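Q: As input, take final15.cif (mmCIF, C-alpha atoms):
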data_query
loop_
_atom_site.label_atom_id
_atom_site.label_comp_id
_atom_site.auth_asym_id
_atom_site.auth_seq_id
_atom_site.Cartn_x
_atom_site.Cartn_y
_atom_site.Cartn_z
CA MET A 51 55.04 124.27 59.16
CA ALA A 52 53.34 121.00 58.17
CA THR A 53 52.24 118.73 60.96
CA HIS A 54 53.30 115.13 60.62
CA THR A 55 51.35 112.16 61.85
CA GLU A 56 53.01 109.21 63.51
CA ALA A 57 52.34 107.10 60.41
CA ASP A 58 53.99 109.76 58.19
CA LEU A 59 57.01 109.78 60.40
CA GLN A 60 57.30 106.02 60.53
CA ASN A 61 57.57 105.98 56.74
CA LYS A 62 60.47 108.42 56.68
CA SER A 63 64.10 107.42 56.69
CA LEU A 64 66.25 107.91 59.76
CA LEU A 65 68.18 110.63 57.99
CA LYS A 66 65.00 112.47 57.05
CA LEU A 67 63.76 112.22 60.63
CA ARG A 68 66.99 113.72 61.92
CA GLN A 69 66.70 116.60 59.46
CA LEU A 70 63.09 117.13 60.43
CA PHE A 71 63.82 117.21 64.12
CA THR A 72 66.66 119.66 63.67
CA GLU A 73 64.32 121.83 61.60
CA ILE A 74 61.58 121.78 64.23
CA THR A 75 63.70 122.24 67.33
CA GLY A 76 66.99 123.69 66.19
CA ASN A 77 68.63 120.92 68.25
CA GLU A 78 71.39 118.83 66.79
CA PHE A 79 71.02 115.13 67.51
CA ASP A 80 73.81 112.66 67.12
CA ASN A 81 73.66 109.19 65.66
CA GLY A 82 72.60 107.60 68.88
CA MET A 83 68.93 108.52 68.58
CA ASP A 84 67.14 105.63 66.95
CA LYS A 85 64.03 105.85 64.78
CA PRO A 86 61.33 105.24 67.43
CA ALA A 87 62.99 107.79 69.70
CA LEU A 88 63.11 110.40 66.93
CA VAL A 89 59.49 109.83 65.94
CA GLN A 90 58.40 110.20 69.53
CA ALA A 91 60.49 113.31 70.05
CA ILE A 92 59.14 114.95 66.88
CA LEU A 93 55.56 114.23 67.91
CA VAL A 94 56.19 115.74 71.33
CA GLN A 95 57.70 118.85 69.78
CA GLN A 96 54.84 119.24 67.32
CA LYS A 97 52.34 118.92 70.11
CA ARG A 98 54.13 121.59 72.06
CA GLN A 99 54.07 123.92 69.09
CA VAL A 100 50.40 123.56 68.22
CA GLU A 101 49.12 123.53 71.79
CA PRO A 102 48.38 126.78 73.58
CA ALA A 103 50.75 127.66 76.35
CA PRO A 104 50.52 125.20 79.21
CA ALA A 105 47.67 125.65 81.64
CA PRO A 106 48.55 126.53 85.18
CA ALA A 107 49.81 123.47 86.96
CA PRO A 108 47.14 121.96 89.19
CA THR A 109 49.52 120.94 91.92
CA ARG A 110 52.50 123.22 91.92
CA ARG A 111 54.61 121.83 94.71
CA ILE A 112 57.93 122.60 96.21
CA ARG A 113 60.39 124.26 93.88
CA ASN A 114 64.16 124.22 93.95
CA LYS A 115 64.09 127.95 94.48
CA PRO A 116 61.43 130.62 94.61
CA PRO A 117 60.46 132.11 91.25
CA THR A 118 62.41 135.25 90.47
CA THR A 119 59.64 136.86 88.43
CA PRO A 120 56.07 137.58 89.43
CA ALA A 121 53.65 134.79 88.65
CA THR A 122 51.87 135.26 85.33
CA ASP A 123 48.91 133.64 83.71
CA PRO A 124 50.41 131.21 81.18
CA GLU A 125 47.19 131.33 79.12
CA ASN A 126 47.86 134.99 78.31
CA ASN A 127 51.62 134.88 78.46
CA PRO A 128 52.89 132.07 76.29
CA VAL A 129 56.11 130.58 77.55
CA ASP A 130 59.09 131.87 75.64
CA GLU A 131 60.40 128.81 73.80
CA GLU A 132 63.98 129.71 74.65
CA ASN A 133 63.19 129.91 78.33
CA ALA A 134 61.04 126.79 78.28
CA LEU A 135 63.87 124.46 77.38
CA VAL A 136 64.63 121.65 79.78
CA THR A 137 67.61 119.36 79.36
CA VAL A 138 66.41 115.78 79.71
CA THR A 139 68.76 112.88 80.32
CA CYS A 140 68.30 109.20 80.98
CA GLY A 141 71.10 106.64 81.10
CA SER A 142 73.22 106.61 77.98
CA HIS A 143 70.75 108.60 75.89
CA PRO A 144 72.27 111.89 74.79
CA PRO A 145 71.18 114.88 76.90
CA THR A 146 68.38 116.52 74.92
CA GLN A 147 66.84 119.98 75.17
CA LEU A 148 63.06 120.00 74.90
CA SER A 149 60.43 122.63 75.50
CA LEU A 150 58.93 121.22 78.70
CA ALA A 151 58.56 124.11 81.13
CA GLY A 152 55.17 124.07 82.82
CA LYS A 153 54.75 120.33 82.51
CA THR A 154 54.76 117.95 85.42
CA ILE A 155 57.30 115.19 85.80
CA GLY A 156 54.50 112.66 85.40
CA THR A 157 53.49 114.13 82.05
CA VAL A 158 57.06 114.19 80.78
CA ARG A 159 57.56 110.64 82.03
CA ARG A 160 54.58 109.49 79.97
CA GLU A 161 55.40 111.51 76.86
CA LEU A 162 59.02 110.47 76.69
CA SER A 163 58.65 106.94 78.01
CA GLN A 164 59.18 105.37 74.60
CA ALA A 165 61.80 107.79 73.33
CA LEU A 166 64.04 107.53 76.36
CA ASN A 167 62.95 104.15 77.77
CA ILE A 168 61.67 105.78 80.93
CA THR A 169 59.76 103.52 83.29
CA THR A 170 57.42 104.41 86.12
CA SER A 171 59.92 103.18 88.69
CA MET A 172 62.76 105.47 87.61
CA ARG A 173 63.48 108.25 90.06
CA ALA A 174 63.32 111.79 88.64
CA ARG A 175 65.90 114.37 89.64
CA VAL A 176 65.85 118.06 88.79
CA ASN A 177 69.23 119.73 89.07
CA GLY A 178 70.29 116.80 91.21
CA SER A 179 67.37 116.91 93.66
CA GLU A 180 64.85 114.12 93.73
CA VAL A 181 61.32 115.24 92.83
CA ASN A 182 57.99 113.47 92.57
CA ASP A 183 55.64 113.19 89.60
CA ASN A 184 53.63 116.30 90.59
CA TYR A 185 56.65 118.59 90.38
CA VAL A 186 56.25 121.27 87.72
CA LEU A 187 59.25 121.94 85.54
CA GLU A 188 60.78 125.33 84.96
CA GLY A 189 62.93 126.25 82.00
CA GLY A 190 66.67 125.97 82.20
CA VAL A 191 66.79 122.99 84.52
CA ILE A 192 68.33 119.56 83.99
CA LEU A 193 65.91 116.69 84.41
CA GLU A 194 67.29 113.19 84.82
CA PHE A 195 65.33 109.99 84.97
CA VAL A 196 67.75 107.75 86.81
CA GLN A 197 68.20 104.52 84.92
CA PRO A 198 68.65 101.48 87.16
CA ALA A 199 72.21 100.31 87.60
CA GLY A 200 73.29 97.34 85.50
CA ASP A 201 72.27 94.27 87.45
CA LYS A 202 74.47 91.51 86.11
CA ALA A 203 78.18 91.04 86.45
CA MET B 56 113.00 100.55 95.06
CA ASN B 57 113.00 101.32 98.78
CA ASP B 58 110.17 99.18 100.16
CA THR B 59 109.87 101.24 103.34
CA LYS B 60 108.52 104.15 101.32
CA ARG B 61 105.87 102.19 99.47
CA LYS B 62 102.33 103.11 100.34
CA PRO B 63 99.72 100.42 100.85
CA LEU B 64 97.09 100.13 98.14
CA ASN B 65 94.28 97.88 99.31
CA ILE B 66 91.78 96.81 96.70
CA VAL B 67 88.87 94.48 97.36
CA ILE B 68 86.92 92.84 94.56
CA ILE B 69 83.55 91.48 95.66
CA GLY B 70 82.15 89.04 93.12
CA ILE B 71 84.49 87.22 90.76
CA GLY B 72 82.15 86.87 87.81
CA GLY B 73 82.62 88.25 84.31
CA VAL B 74 83.43 91.72 85.64
CA GLY B 75 85.35 90.83 88.80
CA SER B 76 87.63 88.28 87.17
CA ALA B 77 88.47 90.67 84.33
CA LEU B 78 89.31 93.28 86.95
CA ALA B 79 91.66 90.95 88.80
CA TYR B 80 93.91 90.57 85.75
CA LYS B 81 93.67 94.18 84.57
CA LEU B 82 94.45 95.56 88.00
CA GLY B 83 97.12 92.93 88.53
CA ARG B 84 98.92 94.20 85.44
CA PHE B 85 98.44 97.85 86.42
CA CYS B 86 99.62 97.35 90.00
CA GLN B 87 102.54 95.14 88.99
CA PHE B 88 104.14 98.21 87.42
CA LEU B 89 102.71 100.89 89.72
CA HIS B 90 105.66 102.48 91.46
CA GLY B 91 105.48 103.52 95.07
CA TYR B 92 102.70 101.19 96.14
CA GLU B 93 102.51 97.86 97.92
CA THR B 94 99.36 96.41 96.43
CA THR B 95 97.06 93.83 97.93
CA ILE B 96 94.02 92.68 95.99
CA CYS B 97 91.46 90.68 97.96
CA LEU B 98 89.03 88.54 95.99
CA ILE B 99 85.74 87.57 97.62
CA ASP B 100 83.32 85.05 96.13
CA GLY B 101 81.71 81.87 97.40
CA ASP B 102 80.82 80.66 93.92
CA THR B 103 82.55 77.96 91.89
CA TYR B 104 83.74 78.10 88.28
CA GLU B 105 81.71 75.92 85.97
CA ASN B 106 82.21 75.08 82.33
CA LYS B 107 79.40 77.45 81.35
CA ASN B 108 81.49 80.38 82.67
CA ALA B 109 84.14 79.84 79.97
CA GLU B 110 82.18 82.01 77.55
CA ARG B 111 83.06 85.10 79.57
CA GLN B 112 85.84 84.15 81.97
CA VAL B 113 89.34 82.69 81.87
CA PHE B 114 90.04 79.98 84.43
CA PRO B 115 92.56 77.14 84.32
CA ARG B 116 90.56 74.72 86.44
CA ILE B 117 87.23 74.14 88.13
CA GLY B 118 87.17 75.44 91.70
CA ASN B 119 86.21 78.35 93.89
CA LYS B 120 86.27 81.52 91.78
CA ALA B 121 88.21 83.62 94.27
CA GLU B 122 90.80 80.93 94.94
CA VAL B 123 91.34 79.91 91.32
CA THR B 124 91.57 83.50 90.11
CA ALA B 125 93.94 84.54 92.90
CA GLN B 126 96.23 81.61 92.16
CA GLU B 127 96.26 82.28 88.44
CA ALA B 128 96.75 86.05 88.78
CA SER B 129 99.51 85.59 91.39
CA GLY B 130 101.44 83.52 88.86
CA GLN B 131 101.27 86.35 86.34
CA PHE B 132 101.87 89.34 88.62
CA ASP B 133 104.31 88.48 91.34
CA HIS B 134 104.64 92.01 92.73
CA VAL B 135 100.99 92.03 93.69
CA THR B 136 99.57 90.10 96.63
CA PHE B 137 96.30 88.38 95.79
CA VAL B 138 94.29 87.13 98.77
CA PRO B 139 91.28 84.90 98.08
CA PHE B 140 88.30 84.53 100.36
CA GLY B 141 86.06 81.73 99.15
CA GLU B 142 82.80 82.79 100.69
CA PHE B 143 79.98 85.19 99.93
CA LEU B 144 79.85 88.55 101.65
CA THR B 145 77.22 88.55 104.39
CA PRO B 146 76.18 90.81 107.29
CA ASP B 147 78.18 88.47 109.53
CA ASN B 148 81.53 88.76 107.76
CA ILE B 149 81.44 92.23 106.20
CA ASP B 150 83.29 93.84 109.12
CA PHE B 151 86.15 91.45 108.59
CA TYR B 152 86.55 92.16 104.87
CA LEU B 153 85.79 95.84 104.39
CA MET B 154 88.03 98.35 106.14
CA GLU B 155 89.06 101.98 106.08
CA GLY B 156 91.20 103.20 103.22
CA GLN B 157 90.24 100.48 100.79
CA ILE B 158 89.10 100.78 97.22
CA ILE B 159 86.13 98.41 97.07
CA LEU B 160 85.05 97.10 93.69
CA LEU B 161 81.54 95.72 93.86
CA CYS B 162 80.81 93.40 90.95
CA VAL B 163 77.80 91.42 92.06
CA ASP B 164 74.52 90.60 90.37
CA ASN B 165 72.17 91.23 93.28
CA ASN B 166 70.92 94.42 94.84
CA LYS B 167 70.79 93.03 98.34
CA THR B 168 74.56 92.71 98.50
CA LYS B 169 74.91 96.15 96.92
CA ARG B 170 72.70 97.56 99.64
CA LEU B 171 74.68 95.74 102.35
CA VAL B 172 77.99 97.15 101.11
CA ASP B 173 76.54 100.61 100.49
CA GLU B 174 75.25 100.82 104.07
CA HIS B 175 78.52 99.56 105.48
CA VAL B 176 80.53 102.08 103.49
CA SER B 177 78.23 104.91 104.54
CA ALA B 178 79.55 104.52 108.10
CA MET B 179 83.21 104.62 107.09
CA GLU B 180 85.58 107.59 107.11
CA ASN B 181 87.76 107.20 104.03
CA VAL B 182 86.81 104.73 101.37
CA ALA B 183 86.00 104.48 97.68
CA LEU B 184 83.29 102.13 96.51
CA LEU B 185 82.93 101.41 92.80
CA SER B 186 79.91 99.38 91.80
CA GLY B 187 79.52 98.12 88.25
CA GLY B 188 77.00 96.03 86.39
CA ASN B 189 75.62 95.38 82.96
CA ASP B 190 72.67 94.07 81.08
CA LEU B 191 73.10 92.46 77.69
CA THR B 192 74.53 95.43 75.79
CA ASP B 193 74.54 98.31 78.25
CA GLY B 194 75.52 98.97 81.83
CA SER B 195 76.82 101.39 84.39
CA VAL B 196 79.46 102.13 86.98
CA GLN B 197 78.91 104.25 90.08
CA LEU B 198 81.46 105.77 92.42
CA TYR B 199 80.53 106.30 96.06
CA LEU B 200 83.37 108.23 97.65
CA ARG B 201 83.75 109.14 101.31
CA ARG B 202 86.46 111.38 102.70
CA SER B 203 86.83 112.42 106.35
CA GLY B 204 83.50 110.83 107.15
CA GLN B 205 81.63 112.88 104.53
CA ASN B 206 80.04 111.84 101.27
CA ARG B 207 81.84 113.32 98.29
CA THR B 208 79.47 111.60 95.89
CA ALA B 209 76.00 110.18 96.35
CA SER B 210 75.64 106.67 97.73
CA LEU B 211 74.27 103.81 95.65
CA SER B 212 70.98 103.85 97.57
CA GLU B 213 70.55 107.60 97.19
CA MET B 214 70.62 107.24 93.43
CA HIS B 215 68.96 103.90 92.89
CA GLU B 216 65.58 102.82 94.14
CA GLU B 217 66.27 99.19 93.28
CA ILE B 218 69.31 99.21 95.57
CA ALA B 219 67.63 101.18 98.35
CA HIS B 220 64.79 98.66 98.44
CA PRO B 221 66.14 95.41 97.01
CA LYS B 222 63.65 92.74 96.10
CA ASP B 223 66.16 89.99 95.40
CA LYS B 224 68.28 87.74 97.59
CA SER B 225 71.97 87.58 98.38
CA PRO B 226 73.67 84.46 96.98
CA HIS B 227 74.20 83.05 100.46
CA GLU B 228 70.41 83.08 100.92
CA MET B 229 69.70 81.28 97.65
CA SER B 230 69.35 77.60 96.88
CA CYS B 231 71.26 76.03 93.98
CA GLU B 232 68.03 75.97 91.97
CA GLU B 233 67.50 79.67 92.58
CA LYS B 234 71.06 80.47 91.55
CA ALA B 235 70.69 78.46 88.35
CA ALA B 236 67.43 80.22 87.56
CA GLU B 237 69.20 83.57 87.95
CA SER B 238 71.43 82.94 84.93
CA GLU B 239 70.67 85.22 82.02
CA PRO B 240 72.64 85.65 78.82
CA GLN B 241 75.51 88.09 79.02
CA LEU B 242 78.12 89.33 76.61
CA PHE B 243 81.79 89.15 77.49
CA PHE B 244 82.15 92.60 75.91
CA ALA B 245 79.63 94.14 78.30
CA ASN B 246 81.48 92.67 81.30
CA ASP B 247 84.73 93.92 79.83
CA MET B 248 83.30 97.40 79.29
CA VAL B 249 82.21 97.61 82.93
CA SER B 250 85.61 96.45 84.14
CA THR B 251 87.38 98.95 81.89
CA LEU B 252 85.24 101.81 83.18
CA ILE B 253 86.00 100.76 86.76
CA CYS B 254 89.72 100.67 85.92
CA GLN B 255 89.50 104.16 84.48
CA VAL B 256 88.01 105.54 87.68
CA LEU B 257 90.38 103.58 89.89
CA TRP B 258 93.36 104.86 87.92
CA ASN B 259 92.18 108.41 88.52
CA LEU B 260 91.67 107.75 92.21
CA VAL B 261 95.15 106.31 92.61
CA THR B 262 97.14 108.71 90.46
CA ASN B 263 95.28 112.03 90.73
CA PRO B 264 95.03 113.44 94.28
CA GLU B 265 92.57 116.14 93.25
CA TYR B 266 90.27 113.60 91.62
CA ALA B 267 90.56 111.37 94.69
CA GLU B 268 89.05 114.17 96.77
CA HIS B 269 86.64 115.79 94.33
CA PRO B 270 85.74 113.64 91.35
CA LEU B 271 83.90 115.43 88.56
CA PHE B 272 81.54 112.54 87.93
CA GLY B 273 79.95 109.84 90.04
CA GLU B 274 78.20 107.60 87.56
CA TRP B 275 78.75 106.46 84.00
CA TYR B 276 76.27 104.77 81.69
CA PHE B 277 77.31 103.05 78.48
CA ASN B 278 75.51 101.48 75.58
CA MET B 279 77.36 99.20 73.20
CA LYS B 280 74.76 99.62 70.45
CA THR B 281 75.15 103.37 70.26
CA GLY B 282 78.79 103.40 71.33
CA ARG B 283 78.05 106.07 73.86
CA ILE B 284 79.34 106.61 77.41
CA VAL B 285 77.53 109.31 79.36
CA PRO B 286 79.00 110.55 82.67
CA PHE B 287 76.82 112.09 85.37
CA PRO B 288 77.92 114.24 88.30
CA ARG B 289 76.64 112.67 91.50
CA PRO B 290 77.03 115.23 94.25
CA PRO B 291 75.82 114.10 97.66
CA SER B 292 72.05 114.34 97.59
CA PRO B 293 70.33 117.34 99.11
CA LYS B 294 67.08 116.69 100.95
CA PRO B 295 64.41 115.17 98.70
CA GLN B 296 61.98 117.72 97.29
CA GLY B 297 58.36 117.50 96.41
CA ALA B 298 57.98 114.42 98.54
#
Could I get this file's structure written as structure tokens?

A:
Amino acid sequence: MATHTEADLQNKSLLKLRQLFTEITGNEFDNGMDKPALVQAILVQQKRQVEPAPAPAPTRRIRNKPPTTPATDPENNPVDEENALVTVTCGSHPPTQLSLAGKTIGTVRRELSQALNITTSMRARVNGSEVNDNYVLEGGVILEFVQPAGDKA
Amino acid sequence: MNDTKRKPLNIVIIGIGGVGSALAYKLGRFCQFLHGYETTICLIDGDTYENKNAERQVFPRIGNKAEVTAQEASGQFDHVTFVPFGEFLTPDNIDFYLMEGQIILLCVDNNKTKRLVDEHVSAMENVALLSGGNDLTDGSVQLYLRRSGQNRTASLSEMHEEIAHPKDKSPHEMSCEEKAAESEPQLFFANDMVSTLICQVLWNLVTNPEYAEHPLFGEWYFNMKTGRIVPFPRPPSPKPQGA
């Protein structure tokens, strides 16, 4: 599959970007995803696909539950894309499944900051539990960056 | 209707701005025709209507927001008792205003008051707190529900860092200059959206006993540009992890 640069993507129409993203990820996106968000999401997905499997996390901290399978070397055992999917949500953005297992919250925060308007001050929660930026994601979880409450009334 | 069988429904609206004033009229209409309840709606705000408020609020005269709104709403909905309190909520008067069994609608534009109410509610047995706010074209509503002294949904501070550690001031701590500087553009539609979402949750709390004990969701985000409303479950928080 051809790899697209950010400039390539910026020149494509919104419709084309939606088609492209569906093609790359198999995910259906609705009309709410705007162009910058789609470009960012496509770039993230491409990076995931061309990179080798994620290196072992440097600071694997507390998990929600103990792993159910023996630890493996990710370098030699690429993460199964299906099992690497994490559902990411933030505010009114549509919940989105991305291949993020093995990444830290801090990395995801940086990579998706533009696409989902995630700021450094937003709390991260995995399956409802608050986690810090060193937490390493596992597949199948729901990650929420908690958008601040509306502050005017 | 036999009045002796009517249950009390005590609603408190804190902050009679674009959201709170819209709520007073919407809930007045709802409660006017709500059978089986004796409804009291308390309105709390120390602020005064000014001409600049007319863009987002309906008021027949200049005056204290709580008093003017209560008077106007009483004239429209005579089966509902509106009680105005023309002062800001403070640590000194919160015990007087917020009591067990109420549905508290928090519609203020500062996190310090949100934190004050959140903490107060966290020590109560049975209470529902709905906090709503908006930015220009998006916003959110959160439900903090307590039953039998237990959290049924997460508190405002558990979910929101900016409320847990507020960096702003309550209106009673601010000078007139500071209050004026706080003004930022808002859309009537965003206020209206917040008030409608609050009404939706309140309606469920009042009419659906199962929902009133175990609501499916605890927070709702909306965005007027995308037309999307996203609900989030907000179970009481387990211990923080990875800290």

Q: Using the chain letters and numbers from the file, give me the residues hit by the PyMOL selection byres ((chain A and resi 156) around 12), as an mmCIF file with C-alpha atoms, in the coordinates of the input.

A:
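Here's the written file result_26.cif:
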data_model
loop_
_atom_site.group_PDB
_atom_site.id
_atom_site.type_symbol
_atom_site.label_atom_id
_atom_site.label_comp_id
_atom_site.auth_asym_id
_atom_site.auth_seq_id
_atom_site.Cartn_x
_atom_site.Cartn_y
_atom_site.Cartn_z
ATOM 1 C CA ALA A 107 49.810 123.470 86.960
ATOM 2 C CA THR A 109 49.520 120.940 91.920
ATOM 3 C CA LEU A 150 58.930 121.220 78.700
ATOM 4 C CA GLY A 152 55.170 124.070 82.820
ATOM 5 C CA LYS A 153 54.750 120.330 82.510
ATOM 6 C CA THR A 154 54.760 117.950 85.420
ATOM 7 C CA ILE A 155 57.300 115.190 85.800
ATOM 8 C CA THR A 157 53.490 114.130 82.050
ATOM 9 C CA VAL A 158 57.060 114.190 80.780
ATOM 10 C CA ARG A 159 57.560 110.640 82.030
ATOM 11 C CA ARG A 160 54.580 109.490 79.970
ATOM 12 C CA GLU A 161 55.400 111.510 76.860
ATOM 13 C CA LEU A 162 59.020 110.470 76.690
ATOM 14 C CA SER A 163 58.650 106.940 78.010
ATOM 15 C CA ILE A 168 61.670 105.780 80.930
ATOM 16 C CA THR A 169 59.760 103.520 83.290
ATOM 17 C CA THR A 170 57.420 104.410 86.120
ATOM 18 C CA SER A 171 59.920 103.180 88.690
ATOM 19 C CA MET A 172 62.760 105.470 87.610
ATOM 20 C CA ARG A 173 63.480 108.250 90.060
ATOM 21 C CA ALA A 174 63.320 111.790 88.640
ATOM 22 C CA VAL A 181 61.320 115.240 92.830
ATOM 23 C CA ASN A 182 57.990 113.470 92.570
ATOM 24 C CA ASP A 183 55.640 113.190 89.600
ATOM 25 C CA ASN A 184 53.630 116.300 90.590
ATOM 26 C CA TYR A 185 56.650 118.590 90.380
ATOM 27 C CA VAL A 186 56.250 121.270 87.720
ATOM 28 C CA LEU A 187 59.250 121.940 85.540
ATOM 29 C CA PHE A 195 65.330 109.990 84.970
#

Q: Evaluate the PyMOL selection byres ((chain B) within 7 of (chain A)) and record the selected residues as a compact mmCIF listing (two decimals) with C-alpha atoms, keeping the file's coordinate frame, following the chain and residue labels used in the document.

A:
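Done, and the output landed in selection_12.txt:
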# COMPACT_ATOMS: atom_id res chain seq x y z
CA GLY B 72 82.15 86.87 87.81
CA GLY B 73 82.62 88.25 84.31
CA VAL B 74 83.43 91.72 85.64
CA CYS B 162 80.81 93.40 90.95
CA VAL B 163 77.80 91.42 92.06
CA ASP B 164 74.52 90.60 90.37
CA ASN B 165 72.17 91.23 93.28
CA GLY B 187 79.52 98.12 88.25
CA GLY B 188 77.00 96.03 86.39
CA ASN B 189 75.62 95.38 82.96
CA ASP B 190 72.67 94.07 81.08
CA GLY B 194 75.52 98.97 81.83
CA SER B 195 76.82 101.39 84.39
CA HIS B 215 68.96 103.90 92.89
CA GLU B 217 66.27 99.19 93.28
CA ASN B 246 81.48 92.67 81.30
CA TYR B 276 76.27 104.77 81.69
CA PHE B 277 77.31 103.05 78.48
CA ASN B 278 75.51 101.48 75.58
CA THR B 281 75.15 103.37 70.26
CA ARG B 283 78.05 106.07 73.86
CA ILE B 284 79.34 106.61 77.41
CA VAL B 285 77.53 109.31 79.36
CA SER B 292 72.05 114.34 97.59
CA PRO B 293 70.33 117.34 99.11
CA PRO B 295 64.41 115.17 98.70
CA GLN B 296 61.98 117.72 97.29
CA GLY B 297 58.36 117.50 96.41
CA ALA B 298 57.98 114.42 98.54

Q: Would you compute the distance between CA of Ile218 (chain B) and CA of Met279 (chain B)? Give it in Å to one decimal.

A: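 Atom-to-atom, CA of Ile218 (chain B) to CA of Met279 (chain B), that is 23.8 Å.
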
Q: Quick one: distance from CA of Gln95 (chain A) to CA of Pro286 (chain B) in Å, one decimal?

A: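 Value for the CA of Gln95 (chain A)-CA of Pro286 (chain B) distance: 26.2 Å.
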
Q: Enter the distance from CA of Phe272 (chain B) to CA of Val196 (chain B), in Å, rounded to one decimal.

A: 10.7 Å

Q: Leaving out region 202-210 of chain B and any residue of its chain fewer than 2 positions from it, which residues lie within 7 Å of it when counting all atoms listed in the file, given as a list in words?

A: Asp173, Met179, Glu180, Asn181, Val182, Tyr199, Leu200, Ser212, Glu213, Met214, His269, Gly273, Arg289, Pro290, Pro291 and Ser292 of chain B

Q: Kindly extract all protein, DNA and RNA residues lying within 12 Å of the coordinates (58.3, 114.1, 70.5) given in the file, considering only C-alpha atoms, and supply them as a PDB file with C-alpha atoms, keeping the file's coordinate frame.

A:
ATOM      1  CA  HIS A  54      53.300 115.130  60.620  1.00  0.00           C
ATOM      2  CA  THR A  55      51.350 112.160  61.850  1.00  0.00           C
ATOM      3  CA  GLU A  56      53.010 109.210  63.510  1.00  0.00           C
ATOM      4  CA  LEU A  59      57.010 109.780  60.400  1.00  0.00           C
ATOM      5  CA  LEU A  67      63.760 112.220  60.630  1.00  0.00           C
ATOM      6  CA  LEU A  70      63.090 117.130  60.430  1.00  0.00           C
ATOM      7  CA  PHE A  71      63.820 117.210  64.120  1.00  0.00           C
ATOM      8  CA  ILE A  74      61.580 121.780  64.230  1.00  0.00           C
ATOM      9  CA  THR A  75      63.700 122.240  67.330  1.00  0.00           C
ATOM     10  CA  LYS A  85      64.030 105.850  64.780  1.00  0.00           C
ATOM     11  CA  PRO A  86      61.330 105.240  67.430  1.00  0.00           C
ATOM     12  CA  ALA A  87      62.990 107.790  69.700  1.00  0.00           C
ATOM     13  CA  LEU A  88      63.110 110.400  66.930  1.00  0.00           C
ATOM     14  CA  VAL A  89      59.490 109.830  65.940  1.00  0.00           C
ATOM     15  CA  GLN A  90      58.400 110.200  69.530  1.00  0.00           C
ATOM     16  CA  ALA A  91      60.490 113.310  70.050  1.00  0.00           C
ATOM     17  CA  ILE A  92      59.140 114.950  66.880  1.00  0.00           C
ATOM     18  CA  LEU A  93      55.560 114.230  67.910  1.00  0.00           C
ATOM     19  CA  VAL A  94      56.190 115.740  71.330  1.00  0.00           C
ATOM     20  CA  GLN A  95      57.700 118.850  69.780  1.00  0.00           C
ATOM     21  CA  GLN A  96      54.840 119.240  67.320  1.00  0.00           C
ATOM     22  CA  LYS A  97      52.340 118.920  70.110  1.00  0.00           C
ATOM     23  CA  ARG A  98      54.130 121.590  72.060  1.00  0.00           C
ATOM     24  CA  GLN A  99      54.070 123.920  69.090  1.00  0.00           C
ATOM     25  CA  THR A 146      68.380 116.520  74.920  1.00  0.00           C
ATOM     26  CA  GLN A 147      66.840 119.980  75.170  1.00  0.00           C
ATOM     27  CA  LEU A 148      63.060 120.000  74.900  1.00  0.00           C
ATOM     28  CA  SER A 149      60.430 122.630  75.500  1.00  0.00           C
ATOM     29  CA  LEU A 150      58.930 121.220  78.700  1.00  0.00           C
ATOM     30  CA  VAL A 158      57.060 114.190  80.780  1.00  0.00           C
ATOM     31  CA  ARG A 160      54.580 109.490  79.970  1.00  0.00           C
ATOM     32  CA  GLU A 161      55.400 111.510  76.860  1.00  0.00           C
ATOM     33  CA  LEU A 162      59.020 110.470  76.690  1.00  0.00           C
ATOM     34  CA  SER A 163      58.650 106.940  78.010  1.00  0.00           C
ATOM     35  CA  GLN A 164      59.180 105.370  74.600  1.00  0.00           C
ATOM     36  CA  ALA A 165      61.800 107.790  73.330  1.00  0.00           C
ATOM     37  CA  LEU A 166      64.040 107.530  76.360  1.00  0.00           C
TER      38      LEU A 166
END

Q: Choose the residue, out of B:Val256, B:Ile158, B:Cys231, B:Leu89, that has the smallest atom-to-atom separation from Thr103 (chain B); count all atoms listed in the file.

A: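 Among the listed residues, B:Cys231 lies closest to Thr103 (chain B).
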
Q: As lines of an AutoDock Vina configuration file, please report the centre and edge lengths, rounded to one decimal in Å, of the axis-aligned box that holds all listed atoms of region 236-247 of chain B with 8 Å of padding on each of the six sides.

A:
center_x = 76.1
center_y = 87.2
center_z = 81.9
size_x = 33.3
size_y = 29.9
size_z = 28.0

Q: Which residue, B:Asp102, B:Gly141, B:Leu191, B:Leu211, has the smallest gap to His175 (chain B) when you use all atoms listed in the file?

A: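 Of all the options, B:Leu211 lies closest to His175 (chain B).
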
Q: Determine the nearest neighbour of Phe243 (chain B) from the options B:Gln112, B:Thr145, B:Ser177, B:Asn119, counting all atoms listed in the file.

A: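 Closest to Phe243 (chain B), using all atoms listed in the file: B:Gln112.
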
Q: Out of B:Leu160, B:Leu198, B:Val67, B:Leu185, which residue has the shortest atom-to-atom distance to Cys97 (chain B) when counting only C-alpha atoms?

A: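 Residue with the minimum atom-to-atom distance to Cys97 (chain B): B:Val67.
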